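Colleague: Okay, handing you the structure first.
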Amino acid sequence: MHPTLWLMLGHRLLIALLTLVVVSLVVFMATEVLPGDVAQILLGQAATPEAVAGLRTAMHLDDPAFLRFLRWFGGLVTGDLGTSYANNLPITTLIGGRLVSSLKLAGATALFSVPVALTLGITAAMLRGSVYDRAVTVATITVISVPEFMVATSGVLIFAVWLQWLPALSFSRDVQSFGELLRVYAMPVMTLSFVISAQMIRMTRAAVLEALGTPYVEMALLKGASRSRMVLRHALPNAIGPVVNAVALSLSYLLGGVIIVETIFNYPGIAKLMVDAVATRDLPLIQSCAMIFCFVYLLLITTADMVAIISNPKLR
Amino acid sequence: MTQLVDIRDLRVDATTDAGRRIEIIKGISLTVAEGEMVALIGESGSGKTTIALSLLGHARDGCRIAGGSILVAGQDMAKLSERERAKLRGTVVSYVPQSAAAAFNPSLRVMDQVIEITRIHRLMPRAEAEARAVALFRALSLPEPERIGARYPHQLSGGQLQRLAAAMALIGDPRLVVFDEPTTALDVTTQIEVLRAIKSVMRGTSAGGVYVSHDLAIVAQVADRIVVLKNGEVQEEGPTAQILSAPRHPYTKALLAAFRPETVPAQPAAPEAEAAAPPVLEVDDVSAGYGWVPGRAMPLIRAVKNVSFRVERGRNIGIIGESGCGKSTLARTIAGIMPACGGGISLEGQRLAPLAAQRSREQLRRLQIVFQSADTALNPAKQIGEIIGRPLTFYQSLRGAAREARVDQLLDMVQLPRPLKHRHAAELSGGQKQRVNLARALAADPSVILCDEITSALDTVVAAAIIELLRELQNGLGLSYVFISHDLPTVQAICNEVVVMRGGEKLEQCLAMQVGDPSGHPYSQLLMASVPRLDPSWLDGLDHHPQLGRAPPG
């Protein structure tokens with residue numbers, strides 16, 4: 001391995017950590033400027049000013065903002081996310097199960113959609129201009145244009161109401177067998193795959209096509225290489241960077257952006273938890289959810305960048 | 001006798017962006033005998049690469065073999081299916097590309113690419129193929145033939161990659177090798193190594209060859225027969241010696257005439273004038289480089305090291321050297337595009353600030369630069385009149401009719417038709433674009449024009465016309481040029497004096513005609529000796545040259 005490679009990877013990692021700190025600052029400040037006094041809200045309209053002041057002191061709300069940020073950030077780092085305002089439970093408990101559910105759904109969707117999308121993108125590029133390529137292109141554009149609630153509700157209408165093949169709601173707790181598991185996850189996974197595959201297909205197709213236009217692929221052609229050899233051996237290894245980035249960007253949507261799907265299928269995920277937290281003004285919970293979304297996003301993007309760096313032959 | 005290649009009435013169509021079909025190869029016929037090397041020569045757009053690719057049954061995107069037959073070893077490439085063609089590529093006919101640096105896949109080791117033909121066509125076991133490759137590397141005088149295959153393309157030089165590309169073409173023992181300008185992108189000294197390697201390795205095989213080039217002198221060294229092309233038609237065809245000594249077609253004559261433009265007589269400057277007026281441009285001990293690190297006074301990589309020279313009014317100085325010698329960095333430093341990290345630059349006695357942004361408008365006006373790539377130096381969204389008119393407004397506050405009149409004058413000066421001012425850059429030819437660039441520089445009414453490789457991307461005939469134009473302009477306007485180029489004959493054609501650079505340093509400065517004299521720097525002599533000559537025995541004669549005669553150091 002090249003020493004520069006380690007340097008660049010370390011550099012990228014450092015930037016990711018720095019970004020995380022900056023993001024936490026922004027999240028904290030954004031929730032700071034929300035109107036309303038937390039103590040007042042918690043105690044309700046009937047509370048006496050003395051009680052409100054007492055609670056403020058007890059919750060350290062009168063401390064300088066910087067101190068409170070440090071305390072909160074220190075908690076984040078050590079895994080203590082604080083206590084929910086709404087029901088006084090530790091936030092780790094509230095989030096724990098939800099996060100696992102969300103990760104399950106995201107994982108299932110990724111396992112299904114990434115291979116399908118990459119295959120479609122690569123084959124479309126290989127057969128550029130063919131009927132197949134056009135069909136894939138039209139289908140992806142259609143899917144991009146249709147909002148996901150439409151996909152989800154149509155799915156429920158067709159598969160749950162008319163055909164009655166699949167359950168309309170997804171309570172993952174009731175799952176007993178593998179077949180049951182498939183039935184429960186089928187519709188949310190399908191809906192989410194629709195949403196995130198389109199971008200991956202388009203980016204993969206574009207990246208492979210660009211690599212196919214290079215002189216070294218023409219050289220492979222003039223050496224007698226078959227179409228699949230040109231794509232798989234010559235074009236694809238040089239298209240890894242953009243493809244991995246497209247995949248990471250699409251997958252990052254799976255955690256924070258799935259509120260509609262979670263709502264329609266009544267799936268107990270983390271996006272729904274955050275929306276509920278906004279409704280109840282549960283600031284620590286909002287902050288924690290926001291930080292988790294940011295963390296996953298950064299993790300994916302950083303991984304993608306690092307894969308792109310490693311796949312660069314000049315750093316071998 | 002049966003021919004190895006027999007092209008009859010070949011026609012190739014191209015589809016334009018507007019959807020029109022135009023014929024780019026208009027019924028060409030040519031033959032190559034077994035073991036013969038035939039050169040296709042012509043300027044860009046003459047169709048030489050298109051013909052070369054058609055020998056492999058390939059037409060680039062938008063092109064189509066529309067008619068005729070292309071018999072290669074008895075098989076008609078025009079009629080075969082794509083699968084059948086693929087079978088012949090690499091085994092019967094193979095290809096050496098113009099830019100090997102781009103034709104090697106950056107993410108595969110070169111050995112895997114060199115022996116790929118044997119893998120695709122299942123010609124031999126891997127170990128045998130690698131042994132063959134190593135033998136070819138040795139025959140092509142590549143350094144470390146045993147180990148060079150394990151490297152990645154970016155770890156090798158352009159000349160090495162070009163020789164590896166030749167090995168790649170020869171690995172499948174083809175009957176015909178197509179060379180598509182294999183030395184065009186190389187420096188002169190490297191060009192000799194590659195040319196020699198190709199020539200000796202082709203002598204060792206029975207394969208025939210087609211050698212595509214725009215350079216008559218190169219072709220003279222390798223070809224048995226020359227075919228002169230223009231606009232997709234054969235102009236003239238004959239044995240190499242006859243084409244060079246007794247060309248019949250006017251176009252061939254023009255090519256030969258443009259080949260070595262006449263040189264300027266080295267008139268010494270009038271001594272009293274030199275003493276009285278300050279030099280128009282003085283570069284004093286200038287250093288410059290890339291990779292500025294905060295807190296350090298010097299950039300990490302110094303591309304120009306302590307270079308000094310002066311340009312007297314009305315005289316020209318040439319800066320010559322191979323790629324990476326720092327000549328373009330020097331031009332950019334003088335122009336203030338990048339700052340000098342040491343030394344100073346004076347224009348007509350005034351010291352200039354390091355960066356263009358800190359220089360006065362008057363100083364900017366008097367020092368103009370023309371870039372190598374005319375395509376990217378012109379704004380594609382603006383009309384030509386607008387491009388030339390902008391410096392008129394900026395420097396001389398000309399507007400309206402006065403500005404229009406001056407634009408017309410400038411177009412006349414660079415010998416472009418006036419209606420061209422309503423066109424966009426994309427509609428112009430390479431030579432026309434370079435003239436527009438020149439007109440834009442002239443619009444400022446400068447004392448010095450920095451010409452950075454302005455003829456390098458142009459065809460020989462077009463480049464010769466630009467040099468002629470530069471000379472005429474100089475006579476009328478009392479300009480000085482700083483002419484940067486890697487091509488010694490071009491520099492000699494326009495400059496009184498020449499600065500030779502290597503590795504960022506100025507090696508010597510002498511009168512243009514004296515470059516390469518035995519009394520000068522050995523490197524200048526090497527450069528001079530490396531300039532290809534029309535004499536077909538030039539390359540072989542170099543075996544006895546004190547510097548070039550040795551085996552290439554690699």
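In the structure tokens, the first chain shown is A, the next is B, and so on; residue numbers restart at 1 for each chain, and ligands run from 1 in the order shown.
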Dump as a VMD selection string the residues of chain B that approach chain A to within 7 Å, counting only C-alpha atoms.

Modeller: chain B and resid 56 86 to 87 89 to 90 94 to 95 102 to 107 117 120 154

Colleague: Could you please take those selected residues and save N, CA and C atoms as a PDB file, in the first residue's frame?

Modeller:
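Full text of part-v8.pdb as output:
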```
ATOM      1  N   LEU B  56      -9.496  -2.547 -39.175  1.00  0.00           N
ATOM      2  CA  LEU B  56      -9.890  -3.457 -38.109  1.00  0.00           C
ATOM      3  C   LEU B  56     -11.404  -3.636 -38.093  1.00  0.00           C
ATOM      4  N   ALA B  86     -14.224  -9.406 -34.450  1.00  0.00           N
ATOM      5  CA  ALA B  86     -13.537  -9.481 -33.156  1.00  0.00           C
ATOM      6  C   ALA B  86     -12.520 -10.614 -33.160  1.00  0.00           C
ATOM      7  N   LYS B  87     -12.847 -11.702 -33.869  1.00  0.00           N
ATOM      8  CA  LYS B  87     -11.917 -12.834 -33.932  1.00  0.00           C
ATOM      9  C   LYS B  87     -10.623 -12.454 -34.642  1.00  0.00           C
ATOM     10  N   ARG B  89      -9.356  -9.313 -34.872  1.00  0.00           N
ATOM     11  CA  ARG B  89      -8.636  -8.215 -34.210  1.00  0.00           C
ATOM     12  C   ARG B  89      -7.624  -8.777 -33.218  1.00  0.00           C
ATOM     13  N   GLY B  90      -6.400  -8.360 -33.367  1.00  0.00           N
ATOM     14  CA  GLY B  90      -5.368  -8.836 -32.450  1.00  0.00           C
ATOM     15  C   GLY B  90      -4.641 -10.051 -32.984  1.00  0.00           C
ATOM     16  N   SER B  94      -3.679  -5.864 -35.934  1.00  0.00           N
ATOM     17  CA  SER B  94      -3.677  -5.241 -34.613  1.00  0.00           C
ATOM     18  C   SER B  94      -3.351  -3.756 -34.730  1.00  0.00           C
ATOM     19  N   TYR B  95      -3.503  -3.055 -33.618  1.00  0.00           N
ATOM     20  CA  TYR B  95      -3.546  -1.593 -33.646  1.00  0.00           C
ATOM     21  C   TYR B  95      -2.631  -1.004 -32.578  1.00  0.00           C
ATOM     22  N   ALA B 102      -3.374   7.110 -22.925  1.00  0.00           N
ATOM     23  CA  ALA B 102      -4.821   7.046 -22.747  1.00  0.00           C
ATOM     24  C   ALA B 102      -5.352   5.657 -23.088  1.00  0.00           C
ATOM     25  N   ALA B 103      -4.614   4.910 -23.886  1.00  0.00           N
ATOM     26  CA  ALA B 103      -5.126   3.625 -24.362  1.00  0.00           C
ATOM     27  C   ALA B 103      -4.859   2.489 -23.382  1.00  0.00           C
ATOM     28  N   PHE B 104      -4.107   2.762 -22.325  1.00  0.00           N
ATOM     29  CA  PHE B 104      -3.922   1.745 -21.293  1.00  0.00           C
ATOM     30  C   PHE B 104      -4.925   1.998 -20.176  1.00  0.00           C
ATOM     31  N   ASN B 105      -5.597   0.932 -19.766  1.00  0.00           N
ATOM     32  CA  ASN B 105      -6.548   1.020 -18.670  1.00  0.00           C
ATOM     33  C   ASN B 105      -5.794   1.349 -17.380  1.00  0.00           C
ATOM     34  N   PRO B 106      -6.136   2.466 -16.714  1.00  0.00           N
ATOM     35  CA  PRO B 106      -5.361   2.884 -15.547  1.00  0.00           C
ATOM     36  C   PRO B 106      -5.421   1.902 -14.382  1.00  0.00           C
ATOM     37  N   SER B 107      -6.425   1.045 -14.340  1.00  0.00           N
ATOM     38  CA  SER B 107      -6.546   0.206 -13.150  1.00  0.00           C
ATOM     39  C   SER B 107      -6.093  -1.238 -13.371  1.00  0.00           C
ATOM     40  N   ILE B 117      -4.643  -9.960 -25.556  1.00  0.00           N
ATOM     41  CA  ILE B 117      -5.020 -10.557 -26.846  1.00  0.00           C
ATOM     42  C   ILE B 117      -4.915 -12.084 -26.784  1.00  0.00           C
ATOM     43  N   ILE B 120      -7.934 -13.285 -24.730  1.00  0.00           N
ATOM     44  CA  ILE B 120      -9.228 -13.171 -25.417  1.00  0.00           C
ATOM     45  C   ILE B 120      -9.371 -14.271 -26.468  1.00  0.00           C
ATOM     46  N   HIS B 154       0.293   4.494 -14.857  1.00  0.00           N
ATOM     47  CA  HIS B 154       0.720   5.818 -14.392  1.00  0.00           C
ATOM     48  C   HIS B 154       2.152   5.816 -13.882  1.00  0.00           C
TER      49      HIS B 154
END
```

Colleague: At a cut-off of 12 Å, using only C-alpha atoms, what residues contact Asp540 in chain B? Leave out same-chain residues fewer than 6 positions from it and give the result as a list in words.

Modeller: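 The neighbour list is Ile192, Glu193, Leu195, Arg196, Ala197, Lys199, Ser200, Ala220, Gln221, Val222, Pro532, Arg533, Leu548 and Gly549 of chain B.
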
Colleague: Using the selection just defined, write its residues with N, CA and C atoms as a compact mmCIF listing (two decimals), in the first residue's frame.

Modeller:
```
# COMPACT_ATOMS: atom_id res chain seq x y z
N ILE B 192 12.57 9.44 -31.10
CA ILE B 192 13.61 8.66 -31.77
C ILE B 192 13.69 7.25 -31.19
N GLU B 193 13.68 7.16 -29.86
CA GLU B 193 13.74 5.83 -29.23
C GLU B 193 12.59 4.95 -29.69
N LEU B 195 10.58 5.27 -32.30
CA LEU B 195 10.63 5.02 -33.75
C LEU B 195 11.61 3.90 -34.06
N ARG B 196 12.75 3.99 -33.41
CA ARG B 196 13.79 3.01 -33.64
C ARG B 196 13.33 1.62 -33.18
N ALA B 197 12.68 1.60 -31.99
CA ALA B 197 12.21 0.32 -31.47
C ALA B 197 11.18 -0.30 -32.41
N LYS B 199 10.81 0.27 -35.58
CA LYS B 199 11.43 -0.12 -36.85
C LYS B 199 12.16 -1.45 -36.70
N SER B 200 12.92 -1.60 -35.63
CA SER B 200 13.72 -2.82 -35.52
C SER B 200 12.82 -4.02 -35.25
N ALA B 220 9.13 9.19 -43.60
CA ALA B 220 10.27 8.90 -44.47
C ALA B 220 11.18 7.84 -43.86
N GLN B 221 11.21 7.76 -42.52
CA GLN B 221 12.12 6.82 -41.87
C GLN B 221 11.60 5.39 -41.89
N VAL B 222 10.27 5.21 -41.90
CA VAL B 222 9.74 3.87 -41.68
C VAL B 222 9.02 3.26 -42.89
N PRO B 532 13.54 15.40 -36.66
CA PRO B 532 13.49 14.50 -37.81
C PRO B 532 13.79 15.21 -39.13
N ARG B 533 14.53 14.55 -39.98
CA ARG B 533 14.84 15.09 -41.31
C ARG B 533 14.10 14.29 -42.37
N LEU B 548 22.99 10.00 -29.37
CA LEU B 548 21.83 9.17 -29.70
C LEU B 548 22.22 7.76 -30.11
N GLY B 549 23.49 7.56 -30.39
CA GLY B 549 23.93 6.27 -30.89
C GLY B 549 23.86 5.18 -29.83
```

Colleague: Rounded to one decimal in Å, what is the spacing between CA of Leu166 in chain A and CA of Val189 in chain A?

Modeller: 12.4 Å

Colleague: List every residue of range 66-310 of chain B that DSSP, applied to the backbone of this structure, places in strand (DSSP E), and write the result as an MDAnalysis selection string.

Modeller: chainID B and resid 66:72 75:76 93:96 176:180 208:213 225:230 233:239 281:290 301:310

Colleague: Please identify all polymer residues within 10 Å of Glu144 in chain B, counting only C-alpha atoms, omitting same-chain residues fewer than 5 positions from it, and present them as a PDB file with N, CA and C atoms, in the first residue's frame.

Modeller:
```pdb
ATOM      1  N   VAL B 134       7.840 -10.582 -22.447  1.00  0.00           N
ATOM      2  CA  VAL B 134       9.139 -10.140 -21.926  1.00  0.00           C
ATOM      3  C   VAL B 134      10.157 -10.080 -23.073  1.00  0.00           C
ATOM      4  N   PHE B 137       9.447  -6.958 -24.875  1.00  0.00           N
ATOM      5  CA  PHE B 137       9.913  -5.791 -24.110  1.00  0.00           C
ATOM      6  C   PHE B 137      11.408  -5.604 -24.353  1.00  0.00           C
ATOM      7  N   ARG B 138      12.133  -6.745 -24.362  1.00  0.00           N
ATOM      8  CA  ARG B 138      13.567  -6.667 -24.549  1.00  0.00           C
ATOM      9  C   ARG B 138      13.875  -6.159 -25.957  1.00  0.00           C
ATOM     10  N   GLY B 149       6.274  -5.298 -16.508  1.00  0.00           N
ATOM     11  CA  GLY B 149       4.875  -5.701 -16.677  1.00  0.00           C
ATOM     12  C   GLY B 149       4.052  -5.601 -15.408  1.00  0.00           C
ATOM     13  N   GLY B 554      16.472   4.472 -21.209  1.00  0.00           N
ATOM     14  CA  GLY B 554      15.230   3.947 -20.651  1.00  0.00           C
ATOM     15  C   GLY B 554      14.361   4.939 -20.006  1.00  0.00           C
TER      16      GLY B 554
END
```

Colleague: Env of Asp408 in chain B: 9 Å cut, atoms = only C-alpha atoms, seq-sep filter 5 positions within chain, self excluded. Answer as a VMD selection string.

Modeller: chain B and resid 385 403 413 417 to 419 421

Colleague: Tell me which protein, DNA and RNA residues are within 8 Å of range 354-358 of chain B, counting only C-alpha atoms, leaving out same-chain ones fewer than 4 positions away, and put them as an mmCIF file with C-alpha atoms, in the first residue's frame.

Modeller:
```
data_model
loop_
_atom_site.group_PDB
_atom_site.id
_atom_site.type_symbol
_atom_site.label_atom_id
_atom_site.label_comp_id
_atom_site.auth_asym_id
_atom_site.auth_seq_id
_atom_site.Cartn_x
_atom_site.Cartn_y
_atom_site.Cartn_z
ATOM 1 C CA THR B 333 4.847 33.540 -14.534
ATOM 2 C CA ALA B 335 2.050 36.862 -17.676
ATOM 3 C CA GLY B 336 1.293 37.016 -13.943
ATOM 4 C CA ILE B 337 -1.071 34.045 -14.027
ATOM 5 C CA MET B 338 1.055 32.477 -11.320
ATOM 6 C CA PRO B 339 3.413 34.381 -9.048
ATOM 7 C CA ALA B 340 7.175 34.203 -9.226
ATOM 8 C CA GLY B 344 11.748 40.046 -11.018
ATOM 9 C CA ILE B 345 10.145 40.839 -14.339
ATOM 10 C CA LEU B 364 -1.460 44.420 -18.733
#
```
